[in-house]
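structure_20.txt (compact mmCIF, C-alpha atoms) appears below.
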# COMPACT_ATOMS: atom_id res chain seq x y z
CA MET A 4 -26.86 -24.27 -14.02
CA ASP A 5 -23.88 -24.97 -11.74
CA ILE A 6 -21.87 -22.21 -10.09
CA LEU A 7 -18.69 -23.00 -8.17
CA LEU A 8 -17.59 -20.56 -5.47
CA LEU A 9 -13.94 -20.75 -4.50
CA GLU A 10 -14.37 -17.44 -2.69
CA ASP A 11 -17.45 -16.74 -0.63
CA LEU A 12 -19.99 -14.03 -1.35
CA ALA A 13 -21.93 -11.85 1.05
CA ALA A 14 -24.58 -14.05 2.67
CA ASP A 15 -27.67 -12.36 1.22
CA ALA A 16 -26.21 -12.23 -2.29
CA ARG A 17 -25.22 -15.89 -2.10
CA GLN A 18 -28.73 -16.86 -0.97
CA TRP A 19 -30.25 -14.90 -3.85
CA LEU A 20 -28.05 -16.71 -6.34
CA ALA A 21 -28.67 -20.13 -4.74
CA ALA A 22 -32.42 -19.61 -5.14
CA ARG A 23 -31.90 -19.46 -8.91
CA HIS A 24 -28.97 -21.79 -9.60
CA GLN A 25 -27.06 -24.71 -8.12
CA VAL A 26 -24.32 -23.08 -6.02
CA ASP A 27 -21.44 -24.97 -4.40
CA TYR A 28 -18.97 -23.28 -2.04
CA ARG A 29 -15.75 -25.31 -2.17
CA PRO A 30 -12.75 -23.17 -1.13
CA GLU A 31 -10.74 -26.28 -0.22
CA LEU A 32 -10.38 -27.05 -3.94
CA LEU A 33 -7.88 -24.21 -4.20
CA GLU A 34 -5.38 -26.44 -2.43
CA ASP A 35 -6.06 -29.47 -4.66
CA PRO A 36 -5.65 -28.62 -8.38
CA ALA A 37 -6.49 -32.14 -9.56
CA ARG A 38 -9.85 -32.18 -7.73
CA LEU A 39 -10.54 -28.62 -8.85
CA HIS A 40 -10.01 -29.45 -12.52
CA ALA A 41 -12.24 -32.51 -12.17
CA GLN A 42 -14.99 -30.42 -10.53
CA LEU A 43 -14.79 -27.82 -13.29
CA GLN A 44 -16.01 -30.31 -15.88
CA GLN A 45 -19.64 -29.56 -14.96
CA VAL A 46 -19.31 -25.89 -13.95
CA ASP A 47 -21.02 -23.08 -15.86
CA ALA A 48 -19.76 -20.15 -13.77
CA LEU A 49 -16.81 -19.77 -11.42
CA VAL A 50 -16.10 -17.22 -8.68
CA ALA A 51 -12.39 -17.27 -7.88
CA PRO A 52 -9.97 -15.29 -5.70
CA PRO A 53 -7.13 -13.34 -7.33
CA ARG A 54 -4.53 -15.98 -6.45
CA LEU A 55 -6.11 -18.57 -8.77
CA LYS A 56 -4.66 -18.42 -12.27
CA ILE A 57 -7.35 -18.28 -14.93
CA ASN A 58 -5.38 -19.62 -17.87
CA GLY A 59 -5.74 -21.95 -20.81
CA GLN A 60 -5.03 -25.04 -18.71
CA LEU A 61 -7.83 -24.24 -16.28
CA LEU A 62 -10.24 -23.31 -19.07
CA ASP A 63 -9.51 -26.60 -20.85
CA SER A 64 -10.84 -28.35 -17.74
CA ALA A 65 -14.10 -26.40 -17.88
CA PRO A 66 -15.78 -27.02 -21.26
CA GLN A 67 -19.14 -25.63 -20.06
CA LEU A 68 -17.74 -22.47 -18.46
CA VAL A 69 -19.33 -19.22 -19.63
CA ALA A 70 -18.36 -16.82 -16.82
CA VAL A 71 -15.51 -16.20 -14.39
CA GLY A 72 -16.15 -13.72 -11.59
CA ARG A 73 -13.96 -11.89 -9.12
CA ILE A 74 -15.25 -9.79 -6.26
CA HIS A 75 -12.11 -7.70 -6.33
CA ASP A 76 -10.74 -6.56 -9.66
CA GLY A 77 -7.18 -6.99 -10.90
CA THR A 78 -5.64 -8.17 -14.13
CA GLU A 79 -3.11 -10.43 -12.45
CA ASN A 80 -3.50 -14.15 -13.09
CA ILE A 81 -6.12 -13.78 -15.83
CA ASP A 82 -5.36 -14.76 -19.42
CA PHE A 83 -7.93 -12.54 -21.10
CA GLU A 84 -6.98 -13.72 -24.57
CA ALA A 85 -7.67 -17.33 -23.59
CA CYS A 86 -11.02 -16.30 -22.07
CA GLN A 87 -11.99 -14.41 -25.22
CA LYS A 88 -11.12 -17.35 -27.45
CA ARG A 89 -13.31 -19.64 -25.37
CA ARG A 90 -16.09 -17.06 -25.04
CA VAL A 91 -15.78 -16.96 -21.27
CA ARG A 92 -16.97 -13.69 -19.82
CA VAL A 93 -14.70 -12.16 -17.18
CA ILE A 94 -16.76 -10.29 -14.58
CA GLN A 95 -14.93 -8.08 -12.11
CA ALA A 96 -16.56 -5.74 -9.61
CA SER A 97 -14.23 -2.90 -10.47
CA SER A 98 -16.23 -0.05 -8.97
CA ALA A 99 -17.03 -1.92 -5.75
CA THR A 100 -13.53 -1.47 -4.34
CA VAL A 101 -12.81 2.15 -5.30
CA ARG A 102 -13.68 3.68 -1.93
CA ALA A 103 -11.90 0.93 0.01
CA SER A 104 -8.73 1.37 -2.05
CA ALA A 105 -8.76 5.14 -1.64
CA GLU A 106 -9.16 4.84 2.14
CA HIS A 107 -6.29 2.33 2.23
CA GLN A 108 -4.05 4.81 0.42
CA LEU A 109 -5.02 7.60 2.82
CA LEU A 110 -4.34 5.40 5.84
CA ALA A 111 -0.94 4.40 4.45
CA LEU A 112 -0.02 8.03 3.82
CA LEU A 113 -0.98 9.07 7.34
CA GLN A 114 1.03 6.20 8.82
CA LEU A 115 4.05 7.00 6.66
CA PHE A 116 3.97 10.66 7.65
CA ARG A 117 3.79 9.78 11.34
CA SER A 118 6.19 6.85 11.49
CA GLY A 119 7.72 6.12 8.08
CA LEU A 120 10.38 8.80 8.50
CA ARG A 121 11.26 7.92 12.09
CA PRO A 122 14.00 5.33 12.52
CA PRO A 123 13.43 3.16 15.58
CA THR A 124 15.75 4.04 18.45
CA GLY A 125 15.67 0.64 20.13
CA LEU A 126 15.39 2.32 23.52
CA PRO A 127 12.40 1.52 25.76
CA GLY A 128 10.04 4.48 25.91
CA ALA A 129 12.03 6.48 23.36
CA ARG A 130 9.99 8.40 20.81
CA GLY A 131 12.68 8.91 18.22
CA LEU A 132 12.26 11.72 15.72
CA PRO A 133 8.85 13.41 15.57
CA GLY A 134 6.49 12.43 12.79
CA ARG A 135 4.94 14.88 10.35
CA GLU A 136 1.46 16.24 9.85
CA ILE A 137 -0.08 15.80 6.46
CA ASN A 138 -1.32 19.40 6.38
CA ASP A 139 0.80 21.68 4.14
CA SER A 140 2.50 18.69 2.55
CA VAL A 141 2.77 17.97 -1.17
CA ILE A 142 1.36 14.60 -2.18
CA ALA A 143 1.66 13.22 -5.70
CA LEU A 144 -0.99 11.02 -7.24
CA PHE A 145 0.86 8.74 -9.64
CA GLY A 146 -1.97 7.48 -11.82
CA MET A 147 -5.50 8.83 -11.98
CA SER A 148 -7.47 5.60 -11.77
CA PRO A 149 -10.82 5.80 -9.91
CA PRO A 150 -9.29 5.37 -6.41
CA ALA A 151 -7.18 8.47 -7.09
CA HIS A 152 -10.35 10.50 -7.74
CA VAL A 153 -11.70 9.62 -4.30
CA LEU A 154 -8.30 10.03 -2.64
CA ALA A 155 -7.95 13.54 -4.05
CA THR A 156 -11.26 14.59 -2.53
CA MET A 157 -9.98 13.31 0.84
CA LEU A 158 -6.60 15.01 0.68
CA VAL A 159 -7.60 18.49 -0.46
CA PRO A 160 -9.75 19.23 2.65
CA LEU A 161 -6.82 18.13 4.83
CA GLY A 162 -4.76 21.05 3.55
CA VAL A 163 -2.65 19.00 1.17
CA ARG A 164 -1.30 20.38 -2.08
CA VAL A 165 -2.17 17.57 -4.48
CA VAL A 166 -0.20 17.18 -7.70
CA GLY A 167 -0.54 14.38 -10.20
CA TYR A 168 0.64 12.56 -13.28
CA ASP A 169 -0.94 9.91 -15.45
CA PRO A 170 0.63 8.79 -18.74
CA ALA A 171 -2.86 8.27 -20.19
CA VAL A 172 -4.46 11.58 -19.11
CA HIS A 173 -3.70 14.84 -20.94
CA ARG A 174 -2.60 17.76 -18.81
CA ASN A 175 -5.45 19.87 -20.21
CA ALA A 176 -8.14 17.36 -19.26
CA ASP A 177 -10.97 18.79 -17.13
CA LEU A 178 -10.43 15.98 -14.63
CA TRP A 179 -7.53 17.77 -12.97
CA ARG A 180 -9.45 20.98 -12.31
CA ARG A 181 -12.51 19.13 -11.11
CA LEU A 182 -10.54 17.15 -8.52
CA GLY A 183 -8.31 20.02 -7.42
CA VAL A 184 -5.16 18.25 -8.61
CA GLN A 185 -2.31 20.13 -10.30
CA PRO A 186 -1.07 18.16 -13.34
CA MET A 187 2.69 17.90 -13.78
CA ALA A 188 5.30 16.05 -15.75
CA MET A 189 6.39 12.90 -13.96
CA ASN A 190 9.91 14.00 -13.03
CA GLU A 191 8.74 17.49 -12.04
CA MET A 192 6.13 15.95 -9.75
CA LEU A 193 8.59 13.59 -8.06
CA GLU A 194 11.09 16.38 -7.42
CA ILE A 195 8.69 18.31 -5.17
CA ALA A 196 6.44 15.68 -3.57
CA ASP A 197 6.79 14.71 0.07
CA ALA A 198 4.85 11.52 -0.63
CA VAL A 199 3.63 9.55 -3.63
CA ALA A 200 0.43 7.51 -3.82
CA MET A 201 0.59 5.15 -6.79
CA GLN A 202 -2.54 3.66 -8.34
CA THR A 203 -1.59 3.49 -12.01
CA ILE A 204 -3.56 1.00 -14.09
CA TYR A 205 -1.22 -1.60 -15.54
CA ALA A 206 -0.63 -1.89 -19.26
CA SER A 207 2.19 -3.85 -20.88
CA ARG A 208 3.71 -0.66 -22.30
CA TYR A 209 4.19 0.63 -18.74
CA ARG A 210 6.12 -2.40 -17.55
CA GLY A 211 9.17 -1.20 -15.61
CA LEU A 212 8.02 2.41 -15.91
CA VAL A 213 9.36 3.32 -12.48
CA GLY A 214 13.03 2.54 -12.93
CA GLU A 215 16.40 4.01 -12.01
CA ARG A 216 15.97 7.19 -14.05
CA VAL A 217 12.53 7.95 -12.60
CA LEU A 218 13.55 7.17 -9.02
CA ALA A 219 16.60 9.41 -9.35
CA SER A 220 14.15 12.33 -9.64
CA CYS A 221 12.55 11.64 -6.25
CA LYS A 222 12.89 14.19 -3.50
CA PRO A 223 15.31 12.65 -0.97
CA GLY A 224 13.48 10.82 1.81
CA GLN A 225 10.21 10.74 -0.12
CA VAL A 226 7.67 8.13 1.04
CA TRP A 227 5.57 5.96 -1.28
CA THR A 228 2.44 3.85 -1.04
CA SER A 229 1.36 1.71 -3.99
CA ILE A 230 -1.65 -0.44 -4.83
CA SER A 231 -0.49 -0.88 -8.43
CA ARG A 232 0.97 -4.02 -9.93
CA PRO A 233 4.64 -4.52 -9.04
CA SER A 234 5.39 -5.01 -12.75
CA LEU A 235 5.25 -1.22 -13.10
CA PHE A 236 8.47 -1.06 -11.07
CA ASP A 237 12.04 -2.05 -11.81
CA LEU A 238 12.35 -3.91 -8.51
CA ASP A 239 16.14 -3.78 -8.45
CA ALA A 240 16.11 -0.01 -8.91
CA LEU A 241 13.40 0.33 -6.26
CA ALA A 242 15.42 -1.72 -3.79
CA ASP A 243 18.45 0.49 -4.40
CA ALA A 244 16.37 3.64 -3.86
CA VAL A 245 15.02 2.34 -0.53
CA ARG A 246 18.40 1.09 0.61
CA SER A 247 20.10 4.39 -0.16
CA GLY A 248 17.39 6.48 1.55
CA ARG A 249 16.28 8.16 -1.66
CA ILE A 250 12.93 6.56 -0.81
CA GLY A 251 12.47 7.04 2.94
CA ALA A 252 9.78 4.37 3.31
CA PHE A 253 7.62 2.32 0.96
CA THR A 254 4.34 0.46 1.48
CA MET A 255 3.34 -1.88 -1.34
CA ASP A 256 -0.04 -3.64 -1.30
CA SER A 257 0.20 -6.70 -3.54
CA ASP A 258 -0.10 -10.47 -3.34
CA ASP A 259 2.33 -11.01 -6.22
CA GLU A 260 4.33 -14.07 -5.16
CA ARG A 261 7.45 -12.73 -6.89
CA LEU A 262 7.83 -10.12 -4.15
CA HIS A 263 8.53 -12.86 -1.59
CA ALA A 264 10.63 -15.14 -3.80
CA SER A 265 14.07 -16.08 -2.52
CA ASP A 266 15.69 -13.96 -5.24
CA SER A 267 13.43 -10.91 -4.79
CA PRO A 268 15.52 -7.73 -4.30
CA LEU A 269 12.85 -6.47 -1.89
CA ARG A 270 13.29 -9.24 0.67
CA GLU A 271 14.19 -8.05 4.17
CA LEU A 272 14.63 -4.44 3.11
CA PRO A 273 14.32 -1.93 5.96
CA HIS A 274 11.60 0.71 5.64
CA LEU A 275 9.67 -1.40 3.12
CA GLN A 276 6.38 -3.09 3.99
CA ILE A 277 4.47 -5.46 1.72
CA THR A 278 0.84 -6.20 2.58
CA PRO A 279 -1.16 -9.02 0.89
CA ARG A 280 -3.52 -6.90 -1.22
CA LEU A 281 -5.57 -5.55 1.66
CA ALA A 282 -6.69 -2.35 -0.08
CA PRO A 283 -9.93 -3.64 -1.65
CA PHE A 284 -11.04 -5.82 1.27
CA THR A 285 -13.69 -4.23 3.45
CA GLN A 286 -17.09 -5.43 4.60
CA GLU A 287 -18.76 -2.80 2.43
CA SER A 288 -16.79 -3.63 -0.70
CA GLN A 289 -17.56 -7.31 -0.16
CA VAL A 290 -21.29 -6.58 -0.17
CA ARG A 291 -21.11 -4.26 -3.20
CA GLY A 292 -18.92 -6.66 -5.13
CA SER A 293 -21.03 -9.71 -4.27
CA TRP A 294 -24.25 -8.17 -5.51
CA TYR A 295 -22.57 -6.96 -8.69
CA LEU A 296 -21.25 -10.45 -9.37
CA VAL A 297 -24.45 -12.36 -8.71
CA ASP A 298 -26.43 -10.01 -10.93
CA ARG A 299 -23.97 -10.32 -13.81
CA ILE A 300 -23.48 -14.06 -13.40
CA HIS A 301 -27.23 -14.65 -13.42
CA GLU A 302 -27.57 -12.43 -16.48
CA THR A 303 -24.77 -14.27 -18.29
CA LEU A 304 -26.17 -17.70 -17.56
CA MET A 305 -29.62 -16.68 -18.75
CA LEU A 306 -28.13 -15.42 -22.00
CA ALA A 307 -25.71 -18.30 -22.43
CA GLU A 308 -27.41 -19.74 -25.52
CA ILE A 309 -27.48 -16.38 -27.32
CA ARG A 310 -23.93 -15.67 -26.25
CA SER A 311 -22.67 -18.98 -27.58
CA GLN A 312 -23.76 -17.85 -31.04
CA THR A 313 -22.72 -14.20 -30.98
CA GLY A 314 -19.65 -14.10 -28.70
CA PRO A 315 -19.06 -12.09 -25.50
CA GLN A 316 -21.82 -9.68 -24.57
CA ASP A 317 -20.28 -7.51 -21.86
CA SER A 318 -21.44 -4.00 -21.11
CA GLU A 319 -17.86 -3.12 -20.10
CA PRO A 320 -14.75 -3.46 -22.25
CA MET A 321 -12.63 -6.46 -21.29
CA PRO A 322 -9.39 -5.09 -19.81
CA LEU A 323 -6.13 -5.97 -21.45
CA ALA A 324 -3.65 -8.15 -19.59

Written form, structure tokens:
Amino acid sequence: MDILLLEDLAADARQWLAARHQVDYRPELLEDPARLHAQLQQVDALVAPPRLKINGQLLDSAPQLVAVGRIHDGTENIDFEACQKRRVRVIQASSATVRASAEHQLLALLQLFRSGLRPPTGLPGARGLPGREINDSVIALFGMSPPAHVLATMLVPLGVRVVGYDPAVHRNADLWRRLGVQPMAMNEMLEIADAVAMQTIYASRYRGLVGERVLASCKPGQVWTSISRPSLFDLDALADAVRSGRIGAFTMDSDDERLHASDSPLRELPHLQITPRLAPFTQESQVRGSWYLVDRIHETLMLAEIRSQTGPQDSEPMPLA
């Protein structure tokens, strides 16, 4: 069976898969949609980067497709309903990137504490205002997705008071006690936090959750780092909060093209940094994710005939777009 790689796998995992299936690595097809759609006619499984849209148009070009894999998870650019209708299994190595994402959030927090609150002086050799130590600070975890679990275990030993809010986790859940996180209402949490680490899982009902009313509750000068989808924010309200100083500095890790559009309210804002979804990308996560994918792709291809009769056979629930 034919597997098309538009994103490379770890070398040993790729060799293992190539010993069992026909594997073609063709990243250049990402820049040529016509050639890509022609190539997909004979493809049984596809490994694609997050920037490729998996939609009905692409699936129509791949009549034999039974699996789409991503080394790094994310619900952006995947039409799950279209995949379900066509019985295409979506395989994402969700757990492979948890540690990498948590470490990215910690690094961003440390950088924000040291430099995010210091305006540049423009003078050679000038230090500006002193940065802050993370010890004795209050850091809010906005969203208790798996990276937040790891991040909490990193922050508590550093002397941080960790508070948290998740719209999908009850305040009496044992999770809070186990991680050493104090649950709070959203506005209460934002009023006292020195910094906010956001890793809320996207759902359509949370679209625009962080808007003007929420941001008005932020402690003045508060710093934020986010690896969540930008759709959770009202971008106009966020831009106003950064511009006014209500948000002292903001680091957003996302490759959403809307953030760089000519009409984006976040363009050229001071004290706001957008990185191209670097959080999940480490050597270790690449290896973990690659082996997860090749195992599941091989399994799916071997069960393709059964699956064509009974529908998707995934051991994990397919996430909602």

Could you list, as a CSV table (one decimal) with C-alpha atoms, in the coordinates of the input, every residue within 12 Å of Gly59 (chain A), counting all atoms listed in the file and ignoring same-chain residues fewer than 6 positions away?
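Okay, this is what ended up in part24.csv:
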chain,number,residue,atom,x,y,z
A,40,HIS,CA,-10.0,-29.4,-12.5
A,65,ALA,CA,-14.1,-26.4,-17.9
A,66,PRO,CA,-15.8,-27.0,-21.3
A,80,ASN,CA,-3.5,-14.2,-13.1
A,81,ILE,CA,-6.1,-13.8,-15.8
A,82,ASP,CA,-5.4,-14.8,-19.4
A,83,PHE,CA,-7.9,-12.5,-21.1
A,84,GLU,CA,-7.0,-13.7,-24.6
A,85,ALA,CA,-7.7,-17.3,-23.6
A,86,CYS,CA,-11.0,-16.3,-22.1
A,87,GLN,CA,-12.0,-14.4,-25.2
A,88,LYS,CA,-11.1,-17.4,-27.4
A,89,ARG,CA,-13.3,-19.6,-25.4
A,91,VAL,CA,-15.8,-17.0,-21.3

**Report entry** Distance query 12 Å from (-16.4, 6.8, -0.3) using all atoms listed in the file, result as a list of chain:residue names
**Finding:**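 Collected hits near the coordinates: A:Ser98, A:Ala99, A:Thr100, A:Val101, A:Arg102, A:Ala103, A:Ser104, A:Ala105, A:Glu106, A:His107, A:Leu109, A:Pro149, A:Pro150, A:Ala151, A:His152, A:Val153, A:Leu154, A:Ala155, A:Thr156, A:Met157, A:Thr285, A:Glu287, A:Ser288.
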
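Picture a line from CA of Gln225 (chain A) to CA of Glu260 (chain A); it runs 26.0 Å.
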
Please report, as a Markdown table, each residue of region 42-111 of chain A lying at most 9 Å from region 289-298 of chain A, together with the nearest pair of atoms and the separation in Å rounded to one decimal; use only C-alpha atoms, and order rows by chain and ascending residue number.
| residue | atom | partner | partner_atom | distance |
| --- | --- | --- | --- | --- |
| A:Val50 | CA | A:Leu296 | CA | 8.5 |
| A:Gly72 | CA | A:Leu296 | CA | 6.5 |
| A:Arg73 | CA | A:Leu296 | CA | 7.4 |
| A:Ile74 | CA | A:Gly292 | CA | 5.0 |
| A:His75 | CA | A:Gly292 | CA | 7.0 |
| A:Ile94 | CA | A:Leu296 | CA | 6.9 |
| A:Gln95 | CA | A:Leu296 | CA | 7.3 |
| A:Ala96 | CA | A:Gly292 | CA | 5.1 |
| A:Ser97 | CA | A:Gly292 | CA | 8.0 |
| A:Ser98 | CA | A:Gly292 | CA | 8.1 |
| A:Ala99 | CA | A:Gly292 | CA | 5.1 |
| A:Thr100 | CA | A:Gly292 | CA | 7.5 |

Could you pull the residues within 7 Å of Val141 (chain A), counting all atoms listed in the file, minus those fewer than 6 positions along the same chain, as a PDB file with C-alpha atoms, in the frame of the given file?
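Saved result, result24.pdb, follows:
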ATOM      1  CA  VAL A 163      -2.650  19.000   1.170  1.00  0.00           C
ATOM      2  CA  ARG A 164      -1.300  20.380  -2.080  1.00  0.00           C
ATOM      3  CA  VAL A 165      -2.170  17.570  -4.480  1.00  0.00           C
ATOM      4  CA  ALA A 196       6.440  15.680  -3.570  1.00  0.00           C
ATOM      5  CA  ASP A 197       6.790  14.710   0.070  1.00  0.00           C
ATOM      6  CA  ALA A 198       4.850  11.520  -0.630  1.00  0.00           C
TER       7      ALA A 198
END
